[in-house]
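Here is upload18.txt, consisting of compact mmCIF, C-alpha atoms and all ligand atoms:
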```txt
# COMPACT_ATOMS: atom_id res chain seq x y z
CA MET S 1 18.47 5.85 -1.95
CA ASN S 2 21.66 3.97 -1.14
CA LYS S 3 20.69 0.89 -3.18
CA LYS S 4 21.70 0.23 -6.78
CA SER S 5 18.99 0.54 -9.38
CA VAL S 6 18.52 -0.66 -12.95
CA LYS S 7 20.22 2.55 -14.04
CA ASP S 8 23.48 1.49 -12.37
CA ILE S 9 24.10 -1.75 -14.28
CA ASP S 10 24.56 -3.08 -17.80
CA LEU S 11 21.50 -4.97 -18.95
CA LYS S 12 22.10 -5.60 -22.64
CA GLY S 13 21.55 -9.25 -23.52
CA LYS S 14 21.14 -10.15 -19.85
CA ARG S 15 18.35 -12.41 -18.58
CA VAL S 16 16.65 -10.30 -15.92
CA PHE S 17 14.39 -11.80 -13.24
CA CYS S 18 12.20 -8.82 -12.38
CA ARG S 19 9.91 -9.20 -9.35
CA VAL S 20 6.84 -7.02 -9.75
CA ASP S 21 3.68 -6.70 -7.66
CA PHE S 22 0.85 -7.74 -9.98
CA ASN S 23 -1.33 -8.63 -7.00
CA VAL S 24 -4.33 -6.89 -8.56
CA PRO S 25 -7.97 -7.23 -7.51
CA MET S 26 -9.90 -9.62 -9.80
CA LYS S 27 -13.56 -10.45 -10.21
CA ASP S 28 -14.80 -13.29 -12.43
CA GLY S 29 -11.42 -13.51 -14.17
CA GLN S 30 -11.37 -9.77 -14.92
CA ILE S 31 -8.87 -7.30 -13.48
CA THR S 32 -10.88 -4.64 -11.61
CA ASP S 33 -8.01 -2.22 -10.88
CA GLU S 34 -4.88 -2.19 -13.02
CA THR S 35 -3.00 0.53 -11.11
CA ARG S 36 -0.23 -1.85 -10.10
CA ILE S 37 0.29 -3.12 -13.66
CA LYS S 38 0.53 0.43 -14.98
CA ALA S 39 2.91 1.39 -12.17
CA ALA S 40 5.33 -1.36 -13.25
CA LEU S 41 5.41 -0.27 -16.92
CA PRO S 42 8.29 2.25 -16.67
CA THR S 43 10.67 -0.42 -15.34
CA ILE S 44 9.55 -3.06 -17.85
CA GLN S 45 9.88 -0.57 -20.68
CA TYR S 46 13.31 0.45 -19.39
CA LEU S 47 14.49 -3.17 -19.35
CA VAL S 48 13.09 -3.75 -22.85
CA ASN S 49 14.79 -0.65 -24.22
CA ALA S 50 18.06 -1.62 -22.56
CA GLY S 51 18.03 -4.91 -24.50
CA ALA S 52 17.38 -7.21 -21.56
CA LYS S 53 15.54 -10.52 -21.81
CA VAL S 54 12.81 -9.83 -19.29
CA LEU S 55 11.31 -12.46 -16.98
CA LEU S 56 8.55 -11.04 -14.81
CA ALA S 57 7.53 -12.74 -11.58
CA SER S 58 4.68 -11.90 -9.20
CA HIS S 59 2.29 -13.32 -6.67
CA LEU S 60 -1.48 -13.01 -6.98
CA GLY S 61 -3.66 -13.52 -3.94
CA ARG S 62 -2.89 -16.03 -1.22
CA PRO S 63 -3.01 -19.53 -2.78
CA LYS S 64 -0.98 -20.92 0.15
CA GLY S 65 1.54 -22.96 -1.83
CA GLN S 66 -0.95 -24.67 -4.13
CA VAL S 67 -2.12 -24.21 -7.69
CA VAL S 68 -5.40 -22.30 -7.63
CA GLU S 69 -6.78 -21.97 -11.16
CA GLU S 70 -8.44 -18.57 -10.54
CA LEU S 71 -5.14 -17.17 -9.34
CA ARG S 72 -3.16 -17.86 -12.50
CA LEU S 73 -1.56 -14.75 -13.97
CA THR S 74 -2.96 -15.37 -17.48
CA PRO S 75 -5.33 -12.33 -17.51
CA VAL S 76 -2.45 -10.15 -16.32
CA ALA S 77 -0.22 -11.30 -19.21
CA LYS S 78 -2.99 -10.40 -21.65
CA ARG S 79 -3.53 -6.93 -20.20
CA LEU S 80 0.20 -6.30 -19.94
CA SER S 81 0.60 -7.17 -23.65
CA GLU S 82 -2.01 -4.55 -24.50
CA LEU S 83 -0.46 -1.90 -22.27
CA LEU S 84 3.09 -2.55 -23.52
CA GLY S 85 2.00 -2.87 -27.13
CA LYS S 86 4.01 -6.06 -27.51
CA GLU S 87 3.52 -9.76 -26.97
CA VAL S 88 4.01 -10.99 -23.42
CA LYS S 89 4.31 -14.77 -23.29
CA LYS S 90 3.38 -16.61 -20.12
CA THR S 91 4.57 -19.89 -18.65
CA ASP S 92 2.38 -22.24 -16.59
CA GLU S 93 5.12 -22.61 -14.00
CA ALA S 94 7.58 -20.23 -12.34
CA TYR S 95 10.76 -22.32 -12.64
CA GLY S 96 12.00 -25.69 -13.91
CA GLU S 97 12.88 -27.24 -17.24
CA ALA S 98 9.86 -26.03 -19.23
CA VAL S 99 10.50 -22.48 -18.05
CA GLN S 100 14.25 -22.79 -18.79
CA ALA S 101 13.35 -23.80 -22.34
CA GLU S 102 11.14 -20.73 -22.79
CA VAL S 103 13.81 -18.46 -21.36
CA ALA S 104 16.37 -19.90 -23.79
CA LYS S 105 14.15 -18.79 -26.68
CA LEU S 106 14.00 -15.14 -25.55
CA ASN S 107 15.53 -12.44 -27.71
CA GLU S 108 16.72 -9.08 -26.42
CA GLY S 109 13.69 -6.97 -25.49
CA ASP S 110 11.31 -9.94 -25.15
CA VAL S 111 9.05 -10.19 -22.09
CA LEU S 112 7.96 -13.43 -20.41
CA LEU S 113 5.60 -13.59 -17.41
CA LEU S 114 6.14 -16.51 -15.04
CA GLU S 115 3.27 -18.19 -13.20
CA ASN S 116 2.15 -17.07 -9.72
CA VAL S 117 5.15 -17.63 -7.42
CA ARG S 118 2.85 -18.39 -4.48
CA PHE S 119 1.77 -21.66 -6.12
CA TYR S 120 4.95 -23.05 -4.48
CA PRO S 121 5.12 -23.63 -0.70
CA GLY S 122 8.76 -22.48 -0.72
CA GLU S 123 7.90 -18.94 -1.78
CA GLU S 124 6.46 -17.66 1.48
CA LYS S 125 8.88 -19.81 3.50
CA ASN S 126 11.75 -18.12 1.70
CA ASP S 127 13.10 -21.58 0.88
CA PRO S 128 16.73 -21.25 -0.27
CA GLU S 129 16.26 -24.09 -2.81
CA LEU S 130 13.36 -22.26 -4.47
CA ALA S 131 15.30 -18.99 -4.43
CA LYS S 132 18.17 -20.81 -6.17
CA SER S 133 15.81 -22.27 -8.75
CA PHE S 134 14.51 -18.78 -9.55
CA ALA S 135 18.06 -17.44 -9.72
CA GLU S 136 19.11 -20.16 -12.19
CA LEU S 137 16.76 -18.61 -14.74
CA ALA S 138 18.56 -15.27 -14.84
CA ASP S 139 21.78 -13.21 -14.75
CA VAL S 140 20.39 -10.24 -12.84
CA TYR S 141 17.67 -9.70 -10.24
CA VAL S 142 15.52 -6.57 -10.23
CA ASN S 143 13.03 -5.91 -7.45
CA ASP S 144 10.28 -3.50 -8.49
CA ALA S 145 7.65 -4.97 -6.16
CA PHE S 146 7.43 -2.25 -3.52
CA GLY S 147 4.01 -3.61 -2.49
CA ALA S 148 5.63 -6.92 -1.48
CA ALA S 149 8.91 -5.52 -0.14
CA HIS S 150 7.81 -6.10 3.48
CA ARG S 151 7.72 -9.84 2.77
CA ALA S 152 10.91 -11.89 3.08
CA HIS S 153 9.97 -14.46 0.45
CA ALA S 154 12.00 -16.48 -2.07
CA SER S 155 11.23 -14.13 -4.98
CA THR S 156 11.50 -10.91 -2.96
CA GLU S 157 14.45 -11.61 -0.67
CA GLY S 158 16.04 -15.06 -1.07
CA ILE S 159 16.88 -14.71 -4.75
CA ALA S 160 18.73 -11.44 -4.12
CA HIS S 161 21.52 -13.43 -2.43
CA HIS S 162 22.29 -15.36 -5.63
CA LEU S 163 22.43 -12.65 -8.30
CA PRO S 164 23.47 -9.03 -8.74
CA ALA S 165 20.38 -7.42 -7.16
CA VAL S 166 19.07 -3.93 -7.91
CA SER S 167 15.86 -1.97 -7.54
CA GLY S 168 13.43 -1.09 -10.30
CA LEU S 169 12.22 2.44 -11.04
CA LEU S 170 8.92 2.10 -9.15
CA MET S 171 10.69 0.74 -6.08
CA GLU S 172 13.18 3.61 -6.27
CA LYS S 173 10.42 6.21 -6.59
CA GLU S 174 8.36 4.82 -3.71
CA LEU S 175 11.38 4.73 -1.40
CA ASP S 176 12.44 8.22 -2.47
CA VAL S 177 9.06 9.83 -1.89
CA LEU S 178 8.25 8.08 1.38
CA GLY S 179 11.84 8.29 2.58
CA LYS S 180 12.12 12.05 1.94
CA ALA S 181 8.75 12.65 3.55
CA LEU S 182 9.82 10.92 6.73
CA SER S 183 13.43 12.05 6.96
CA ASN S 184 13.29 15.60 5.69
CA PRO S 185 9.67 16.75 5.65
CA GLU S 186 8.43 20.11 4.49
CA ARG S 187 6.50 21.73 7.33
CA PRO S 188 3.85 21.95 8.53
CA PHE S 189 3.79 18.15 8.18
CA THR S 190 0.46 16.43 8.86
CA ALA S 191 -0.40 12.75 9.10
CA ILE S 192 -3.96 11.53 8.75
CA ILE S 193 -4.55 8.12 10.26
CA GLY S 194 -7.81 6.25 9.88
CA GLY S 195 -8.96 2.73 9.20
CA ALA S 196 -10.45 0.13 11.44
CA LYS S 197 -8.17 -0.80 14.30
CA VAL S 198 -5.77 0.92 16.67
CA LYS S 199 -3.85 -2.34 16.96
CA ASP S 200 -2.91 -2.20 13.24
CA LYS S 201 -1.67 1.39 13.49
CA ILE S 202 0.25 1.42 16.79
CA GLY S 203 3.68 1.43 15.14
CA VAL S 204 2.68 4.07 12.60
CA ILE S 205 1.17 6.45 15.14
CA ASP S 206 4.12 6.00 17.46
CA ASN S 207 6.69 6.68 14.73
CA LEU S 208 4.79 9.59 13.18
CA LEU S 209 4.39 11.32 16.54
CA GLU S 210 8.18 11.75 16.44
CA LYS S 211 8.00 13.57 13.11
CA VAL S 212 4.75 15.41 12.42
CA ASP S 213 3.34 18.79 13.42
CA ASN S 214 -0.28 17.61 13.26
CA LEU S 215 -1.80 14.18 13.70
CA ILE S 216 -5.37 13.79 12.47
CA ILE S 217 -7.35 10.79 13.66
CA GLY S 218 -10.44 9.33 11.96
CA GLY S 219 -12.09 6.03 11.05
CA GLY S 220 -13.07 3.23 13.37
CA LEU S 221 -9.91 3.56 15.42
CA ALA S 222 -10.90 7.08 16.51
CA TYR S 223 -13.45 5.75 19.00
CA THR S 224 -10.88 4.14 21.23
CA PHE S 225 -9.33 7.63 21.51
CA VAL S 226 -12.77 9.20 22.05
CA LYS S 227 -13.33 6.77 24.91
CA ALA S 228 -9.87 7.60 26.26
CA GLN S 229 -10.96 11.25 26.30
CA GLY S 230 -13.77 10.21 28.62
CA HIS S 231 -16.73 10.14 26.21
CA GLU S 232 -19.15 7.28 25.61
CA VAL S 233 -18.99 5.71 22.15
CA GLY S 234 -22.20 3.64 22.04
CA LYS S 235 -21.79 0.66 19.70
CA SER S 236 -18.89 2.19 17.78
CA LEU S 237 -15.71 0.18 17.25
CA LEU S 238 -13.82 0.05 20.52
CA GLU S 239 -10.67 -1.77 21.55
CA ALA S 240 -10.98 -1.71 25.29
CA ASP S 241 -7.47 -3.06 25.80
CA LYS S 242 -6.00 -0.13 23.83
CA ILE S 243 -7.60 2.72 25.78
CA GLU S 244 -4.53 3.16 27.98
CA LEU S 245 -2.30 3.19 24.90
CA ALA S 246 -4.55 5.81 23.30
CA LYS S 247 -4.05 7.95 26.41
CA GLU S 248 -0.30 7.47 26.16
CA PHE S 249 -0.34 8.59 22.52
CA MET S 250 -2.28 11.73 23.40
CA LYS S 251 0.17 12.46 26.21
CA LYS S 252 3.13 11.89 23.91
CA ALA S 253 1.60 14.29 21.37
CA GLU S 254 1.23 16.92 24.07
CA ASP S 255 4.81 16.43 25.29
CA LYS S 256 6.16 16.73 21.77
CA GLY S 257 4.03 19.74 20.85
CA VAL S 258 2.16 17.76 18.17
CA LYS S 259 -1.36 18.97 17.52
CA PHE S 260 -3.62 15.93 17.98
CA LEU S 261 -6.88 16.37 16.07
CA MET S 262 -9.90 14.22 16.88
CA PRO S 263 -13.47 14.20 15.53
CA VAL S 264 -15.70 16.89 17.06
CA ASP S 265 -18.85 15.48 15.48
CA VAL S 266 -19.78 12.17 13.87
CA ILE S 267 -22.44 10.44 11.80
CA VAL S 268 -24.10 7.77 13.88
CA ALA S 269 -26.28 4.95 12.55
CA ASP S 270 -28.71 2.51 14.14
CA ASP S 271 -27.45 -0.26 11.85
CA PHE S 272 -24.31 -1.11 9.85
CA SER S 273 -26.03 -0.77 6.47
CA GLU S 274 -26.94 1.59 3.65
CA ASP S 275 -30.58 1.58 4.91
CA ALA S 276 -29.71 2.61 8.45
CA ASN S 277 -31.22 5.65 10.12
CA THR S 278 -28.49 8.23 10.62
CA LYS S 279 -27.90 11.54 12.35
CA VAL S 280 -25.06 13.94 13.03
CA VAL S 281 -24.17 14.31 16.71
CA PRO S 282 -21.43 16.12 18.67
CA ILE S 283 -18.69 13.75 19.77
CA GLU S 284 -19.77 13.83 23.40
CA GLU S 285 -23.33 12.76 22.51
CA ILE S 286 -23.03 9.39 20.76
CA PRO S 287 -26.25 7.56 21.76
CA ALA S 288 -25.82 4.24 23.57
CA ASP S 289 -27.55 2.12 20.90
CA TRP S 290 -25.94 3.78 17.86
CA GLU S 291 -22.55 3.44 16.21
CA ALA S 292 -20.41 6.14 14.67
CA LEU S 293 -19.58 5.23 11.09
CA ASP S 294 -18.15 8.48 9.73
CA ILE S 295 -16.76 11.81 10.85
CA GLY S 296 -19.23 14.70 10.77
CA PRO S 297 -19.29 17.91 8.68
CA LYS S 298 -17.70 20.13 11.36
CA THR S 299 -14.84 17.65 11.70
CA SER S 300 -14.36 17.57 7.91
CA GLU S 301 -14.17 21.36 7.91
CA LEU S 302 -11.67 21.39 10.75
CA TYR S 303 -9.50 18.77 9.03
CA ALA S 304 -9.73 20.61 5.68
CA LYS S 305 -8.29 23.74 7.28
CA VAL S 306 -5.31 21.84 8.71
CA ILE S 307 -4.72 20.10 5.36
CA GLU S 308 -4.84 23.39 3.49
CA ASP S 309 -2.23 24.90 5.82
CA SER S 310 0.12 21.92 5.51
CA LYS S 311 3.06 21.61 3.14
CA LEU S 312 3.12 17.82 3.38
CA VAL S 313 0.35 15.35 4.22
CA ILE S 314 0.60 11.59 4.56
CA TRP S 315 -2.73 9.78 4.62
CA ASN S 316 -3.37 6.19 5.65
CA GLY S 317 -6.81 4.74 6.31
CA PRO S 318 -10.36 5.97 5.58
CA MET S 319 -12.29 8.34 7.86
CA GLY S 320 -15.42 6.18 7.84
CA VAL S 321 -17.06 3.18 6.22
CA PHE S 322 -16.45 4.66 2.76
CA GLU S 323 -17.64 1.48 0.99
CA LEU S 324 -21.20 2.52 1.93
CA ASN S 325 -22.25 5.82 0.31
CA LYS S 326 -23.97 7.06 3.45
CA PHE S 327 -20.68 6.94 5.34
CA ALA S 328 -18.29 7.98 2.57
CA GLY S 329 -18.65 11.74 3.11
CA GLY S 330 -15.78 12.21 5.57
CA THR S 331 -13.31 10.23 3.49
CA ARG S 332 -14.44 12.08 0.37
CA ALA S 333 -14.05 15.44 2.15
CA VAL S 334 -10.46 14.63 3.14
CA ALA S 335 -9.69 13.47 -0.42
CA GLU S 336 -11.20 16.65 -1.85
CA SER S 337 -9.28 18.86 0.60
CA LEU S 338 -6.06 17.18 -0.51
CA ALA S 339 -7.00 17.59 -4.17
CA GLU S 340 -7.71 21.28 -3.69
CA ALA S 341 -4.65 22.11 -1.57
CA ASN S 342 -2.32 23.22 -4.34
CA ASP S 343 0.69 23.94 -2.14
CA THR S 344 0.40 20.66 -0.28
CA TYR S 345 2.38 17.58 -1.27
CA SER S 346 -0.01 14.68 -0.69
CA VAL S 347 1.17 11.12 -0.15
CA ILE S 348 -1.48 8.40 -0.05
CA GLY S 349 -0.22 5.39 1.86
CA GLY S 350 -1.80 2.70 -0.27
CA GLY S 351 -4.48 0.18 0.67
CA ASP S 352 -7.96 1.50 1.40
CA SER S 353 -7.06 5.18 1.20
CA ALA S 354 -5.75 4.63 -2.34
CA ALA S 355 -8.94 2.72 -3.21
CA ALA S 356 -11.04 5.57 -1.80
CA VAL S 357 -9.18 8.22 -3.80
CA GLU S 358 -9.72 6.09 -6.94
CA LYS S 359 -13.41 5.69 -6.12
CA PHE S 360 -13.82 9.48 -5.91
CA HIS S 361 -11.89 9.98 -9.20
CA LEU S 362 -9.32 12.16 -7.46
CA ALA S 363 -6.29 9.94 -7.96
CA ASP S 364 -4.63 12.19 -10.54
CA ARG S 365 -4.83 15.13 -8.13
CA MET S 366 -2.70 13.51 -5.45
CA SER S 367 1.08 14.00 -5.51
CA HIS S 368 1.93 10.37 -4.87
CA ILE S 369 -0.21 7.28 -4.36
CA SER S 370 1.78 4.38 -3.02
CA THR S 371 1.29 0.96 -4.62
CA GLY S 372 2.03 -0.59 -1.23
CA GLY S 373 -0.60 -1.26 1.45
CA GLY S 374 1.20 -3.24 4.14
CA ALA S 375 4.58 -2.21 2.72
CA SER S 376 3.94 1.53 3.01
CA LEU S 377 2.51 1.02 6.48
CA GLU S 378 5.65 -0.82 7.63
CA PHE S 379 7.83 1.82 6.01
CA MET S 380 5.93 4.52 7.89
CA GLU S 381 6.45 2.55 11.08
CA GLY S 382 10.16 3.03 10.50
CA LYS S 383 10.77 -0.67 9.82
CA GLU S 384 13.30 -1.91 7.30
CA LEU S 385 11.79 -3.75 4.35
CA PRO S 386 13.53 -7.11 3.73
CA GLY S 387 13.03 -6.86 -0.04
CA VAL S 388 14.98 -3.61 0.01
CA VAL S 389 17.65 -4.56 2.55
CA ALA S 390 18.65 -7.54 0.34
CA LEU S 391 19.49 -5.34 -2.67
CA ASN S 392 23.09 -4.34 -3.48
CA ASP S 393 24.38 -1.13 -1.94
CA LYS S 394 25.57 1.67 -4.20
N1 LIG E 401 -16.19 4.23 11.99
C1 LIG E 401 -15.94 3.04 11.47
N2 LIG E 401 -16.52 1.93 11.95
C2 LIG E 401 -16.27 0.73 11.42
N3 LIG E 401 -15.42 0.52 10.41
C3 LIG E 401 -14.80 1.58 9.89
C4 LIG E 401 -15.02 2.88 10.40
N4 LIG E 401 -14.27 3.73 9.69
C5 LIG E 401 -13.62 3.00 8.77
N5 LIG E 401 -13.93 1.71 8.88
C6 LIG E 401 -13.47 0.60 8.02
O1 LIG E 401 -12.09 0.44 8.11
C7 LIG E 401 -11.68 -0.30 6.97
C8 LIG E 401 -10.27 0.06 6.61
O2 LIG E 401 -9.45 -0.27 7.69
P1 LIG E 401 -7.96 -0.68 7.49
O3 LIG E 401 -7.28 -0.47 8.79
O4 LIG E 401 -7.89 -2.01 6.82
O5 LIG E 401 -7.59 0.46 6.42
P2 LIG E 401 -6.25 0.82 5.73
O6 LIG E 401 -5.34 1.36 6.72
O7 LIG E 401 -6.57 1.69 4.58
O8 LIG E 401 -5.71 -0.55 5.19
P3 LIG E 401 -4.32 -0.81 4.50
O9 LIG E 401 -3.42 -1.36 5.57
O10 LIG E 401 -4.69 -1.80 3.44
O11 LIG E 401 -3.82 0.48 3.97
C9 LIG E 401 -12.64 0.04 5.86
O12 LIG E 401 -13.17 -1.15 5.34
C10 LIG E 401 -13.71 0.88 6.55
O13 LIG E 401 -15.01 0.51 6.20
O1 LIG E 402 -1.38 -6.43 -1.74
C1 LIG E 402 -0.36 -6.27 -1.05
O2 LIG E 402 -0.32 -5.51 -0.05
C2 LIG E 402 0.89 -6.95 -1.49
O3 LIG E 402 0.78 -7.45 -2.79
C3 LIG E 402 1.29 -8.03 -0.51
O4 LIG E 402 0.34 -9.04 -0.46
P1 LIG E 402 0.21 -9.97 0.83
O5 LIG E 402 -0.34 -9.14 1.93
O6 LIG E 402 -0.70 -11.11 0.40
O7 LIG E 402 1.62 -10.46 1.15
```
What is this file in structure tokens?
Amino acid sequence: MNKKSVKDIDLKGKRVFCRVDFNVPMKDGQITDETRIKAALPTIQYLVNAGAKVLLASHLGRPKGQVVEELRLTPVAKRLSELLGKEVKKTDEAYGEAVQAEVAKLNEGDVLLLENVRFYPGEEKNDPELAKSFAELADVYVNDAFGAAHRAHASTEGIAHHLPAVSGLLMEKELDVLGKALSNPERPFTAIIGGAKVKDKIGVIDNLLEKVDNLIIGGGLAYTFVKAQGHEVGKSLLEADKIELAKEFMKKAEDKGVKFLMPVDVIVADDFSEDANTKVVPIEEIPADWEALDIGPKTSELYAKVIEDSKLVIWNGPMGVFELNKFAGGTRAVAESLAEANDTYSVIGGGDSAAAVEKFHLADRMSHISTGGGASLEFMEGKELPGVVALNDK
């Protein structure tokens, strides 16, 4: 990476404003998945050991510039204290006099968590005044929030223009792994793209077609391609206005010599529910009143073979409605194939695919699970991430 990191600067005694992504799922005030908190620990520990006075800042949810009591970061401070094995104080605001006073009390190695930065309207507007107010709290800015790096907000981008600005260790690792995969991939290189909509994955498919040897398609978006192949899709998800684009993608794959793999069989249901009647049908026989909610067993087998023969696989988006057990089989099969393919470097592109791998207890058998949903998607589209661009060059 051509950006400076925490390892490139002196941190002793410095007040460090470290942006992390503690946007964790919560239910009834409890954190339901702490992956992102754990992923930030190496950087926090590094800053503590280096003798910095650590101010952590994050967003949680989408409070739209207002204080929303359920979106305070208080439960995160508590859990972080436990994980770090040291007290993490928390402020009720993210800048201002009260926060300044708390920062002034910090000793080297202390950690303070600021309140949810999205309680302020200026955060998402990247208001220069708010960025300046954040910057006044610190001597150095560290961005470790890969998951929010695609957002040009006051705490992810604006602040970097006021302080020496470097990346954290998680940010560095994410950019290294994803960057190497895309710029210098081991081959055969396979991308697996699923999820709900073609429209959300246009940029990713387009960019990956330039780089991969195999492109595997699954999930709800597959049916627009199935229709483009000339088959009926019944009540399955279909974006009629993207059929032509789907054809173009298949043509581009052919022109570039990319193997384009589509479902050969699917699980269809007469209802979008766990109680639905289901059956496995060949792809060309989806009944008019049924919808395809998962890939079928033959497809899973076909995809497993390609995965096994690949040296590198990037996976974004589930193969079916994995939240319902009846339609989780295809996503599970892909996850298991990746877990079993010992010579394959597997990169899970965050979001739902990461959640699925967690659900199947296979997370520790993947080579890299990105903490970024939207961020990893934009990176895979070949876009520059504003939170990264703003950091100091090496
Ligand atoms: N055949 C299908 N029919 C309808 N919905 C489906 C189908 N297959 C998958 N889905 C749904 O697609 C959703 C995931 O789509 P989405 O595009 O948001 O995934 P993602 O790419 O993992 O998201 P992220 O951008 O967060 O990584 C899941 O909720 C899943 O239930
Ligand atoms: O969960 C994420 O993908 C990041 O934390 C960014 O959150 P956002 O989509 O609300 O900006």
Closest pair table for chain S residues within 9 Å of ligand LIG 402 (chain E), only C-alpha atoms and all ligand atoms, as a Markdown table:
```
| residue | atom | partner | partner_atom | distance |
| --- | --- | --- | --- | --- |
| S:Asp21 | CA | E:LIG402 | O3 | 5.7 |
| S:Phe22 | CA | E:LIG402 | O3 | 7.2 |
| S:Asn23 | CA | E:LIG402 | O3 | 4.9 |
| S:Val24 | CA | E:LIG402 | O1 | 7.4 |
| S:Pro25 | CA | E:LIG402 | O1 | 8.8 |
| S:Ser58 | CA | E:LIG402 | O3 | 8.7 |
| S:His59 | CA | E:LIG402 | O3 | 7.2 |
| S:Leu60 | CA | E:LIG402 | O3 | 7.3 |
| S:Gly61 | CA | E:LIG402 | O6 | 5.8 |
| S:Arg62 | CA | E:LIG402 | O6 | 5.6 |
| S:Glu124 | CA | E:LIG402 | O7 | 8.7 |
| S:Ala145 | CA | E:LIG402 | O3 | 8.0 |
| S:Phe146 | CA | E:LIG402 | C2 | 8.3 |
| S:Gly147 | CA | E:LIG402 | C2 | 4.7 |
| S:Ala148 | CA | E:LIG402 | C3 | 4.6 |
| S:Ala149 | CA | E:LIG402 | C3 | 8.0 |
| S:His150 | CA | E:LIG402 | C3 | 7.9 |
| S:Arg151 | CA | E:LIG402 | O7 | 6.3 |
| S:Gly350 | CA | E:LIG402 | O2 | 8.3 |
| S:Gly351 | CA | E:LIG402 | O2 | 7.1 |
| S:Thr371 | CA | E:LIG402 | O2 | 8.1 |
| S:Gly372 | CA | E:LIG402 | O2 | 5.6 |
| S:Gly373 | CA | E:LIG402 | O2 | 4.5 |
| S:Gly374 | CA | E:LIG402 | O2 | 5.0 |
| S:Ala375 | CA | E:LIG402 | O2 | 6.5 |
| S:Ser376 | CA | E:LIG402 | O2 | 8.8 |
```
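If all atoms listed in the file are the atoms counted, then among S:Lys359, S:Lys38, S:Lys252, S:Lys197 the closest residue to ligand LIG 401 (chain E) is S:Lys197.
Taking only C-alpha atoms and all ligand atoms into account, ligand LIG 401 (chain E) has within 6 Å the residues Gly195, Ala196, Lys197, Gly219, Gly220, Leu237, Ala292, Leu293, Asp294, Asn316, Gly317, Pro318, Met319, Gly320, Val321, Phe322, Glu323, Gly350, Gly351, Asp352, Ser353, Gly373 and Gly374 of chain S.
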For those residues, write C-alpha atoms to a file as a compact mmCIF listing (two decimals), in the frame of the given file.
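The resulting again-v1.txt:
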```txt
# COMPACT_ATOMS: atom_id res chain seq x y z
CA GLY S 195 -8.96 2.73 9.20
CA ALA S 196 -10.45 0.13 11.44
CA LYS S 197 -8.17 -0.80 14.30
CA GLY S 219 -12.09 6.03 11.05
CA GLY S 220 -13.07 3.23 13.37
CA LEU S 237 -15.71 0.18 17.25
CA ALA S 292 -20.41 6.14 14.67
CA LEU S 293 -19.58 5.23 11.09
CA ASP S 294 -18.15 8.48 9.73
CA ASN S 316 -3.37 6.19 5.65
CA GLY S 317 -6.81 4.74 6.31
CA PRO S 318 -10.36 5.97 5.58
CA MET S 319 -12.29 8.34 7.86
CA GLY S 320 -15.42 6.18 7.84
CA VAL S 321 -17.06 3.18 6.22
CA PHE S 322 -16.45 4.66 2.76
CA GLU S 323 -17.64 1.48 0.99
CA GLY S 350 -1.80 2.70 -0.27
CA GLY S 351 -4.48 0.18 0.67
CA ASP S 352 -7.96 1.50 1.40
CA SER S 353 -7.06 5.18 1.20
CA GLY S 373 -0.60 -1.26 1.45
CA GLY S 374 1.20 -3.24 4.14
```
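Between CA of Met1 (chain S) and CA of Asp176 (chain S) there is a distance of 6.5 Å.
The interatomic distance for the pair CA of Glu232 (chain S) and CA of Phe260 (chain S) works out to 19.3 Å.
A straight line drawn from CA of Val88 (chain S) to CA of Leu113 (chain S) is 6.7 Å long.
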Original post:
If I put a ball of radius 10 Å at (7.9, 6.9, 10.3) in the file's coordinates, which residues poke into it when counting all atoms listed in the file, written as a PyMOL selection string?
Top reply: chain S and resi 178-179+181-183+203-212+376-383
Original post:
Could you tell me, as a PyMOL selection string, which residues have any atom at most 12 Å from (9.1, -1.0, -22.5), counting only C-alpha atoms?
Top reply: chain S and resi 38+40-54+80-88+108-111
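Comparing S:Ser367, S:Asn116, S:Ser337, S:Ser273 by their smallest distance to Leu302 (chain S), the closest is S:Ser337 (using all atoms listed in the file).
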Subject >> Residues near Val306 (chain S), cut-off 10 Å, only C-alpha atoms, skip fewer than 5 positions along chain, as a count of residues only >> reply: 10
Subject >> Shell around Leu245 (chain S) at 12 Å using only C-alpha atoms, local window under 5 positions removed, as a PyMOL selection string >> reply: chain S and resi 198-199+201-203+205-206+224-225+227-229+239-240+250-252
**OP:** Show which residues sit within 8 Å of Thr278 (chain S), as a count of residues only. Count only C-alpha atoms, and ignore same-chain residues fewer than 5 positions away.
**Re:** 4
Show which residues sit within 6 Å of Val266 (chain S), as a PDB file with C-alpha atoms, in the frame of the given file. Count all atoms listed in the file, and ignore same-chain residues fewer than 4 positions away.
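out_30.pdb, freshly written:
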```pdb
ATOM      1  CA  VAL S 280     -25.060  13.940  13.030  1.00  0.00           C
ATOM      2  CA  VAL S 281     -24.170  14.310  16.710  1.00  0.00           C
ATOM      3  CA  ASP S 294     -18.150   8.480   9.730  1.00  0.00           C
ATOM      4  CA  ILE S 295     -16.760  11.810  10.850  1.00  0.00           C
ATOM      5  CA  GLY S 296     -19.230  14.700  10.770  1.00  0.00           C
TER       6      GLY S 296
END
```
Subject >> 9 Å contact set for Glu186 (chain S), only C-alpha atoms, chain neighbours under 4 positions out, as a list in words >> reply: Ala181, Ser310, Lys311, Leu312 and Tyr345 of chain S
**OP:** Select, from S:Thr91, S:Ala355, S:Val6, S:Pro128, the residue with the minimum atom-to-atom distance to Thr32 (chain S), counting all atoms listed in the file.
**Re:** S:Ala355
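Remark: for Gly234 (chain S), the closest of the candidate residues S:Ile217, S:Ile286, S:Val388, S:Cys18 is S:Ile286 (distances computed over all atoms listed in the file).
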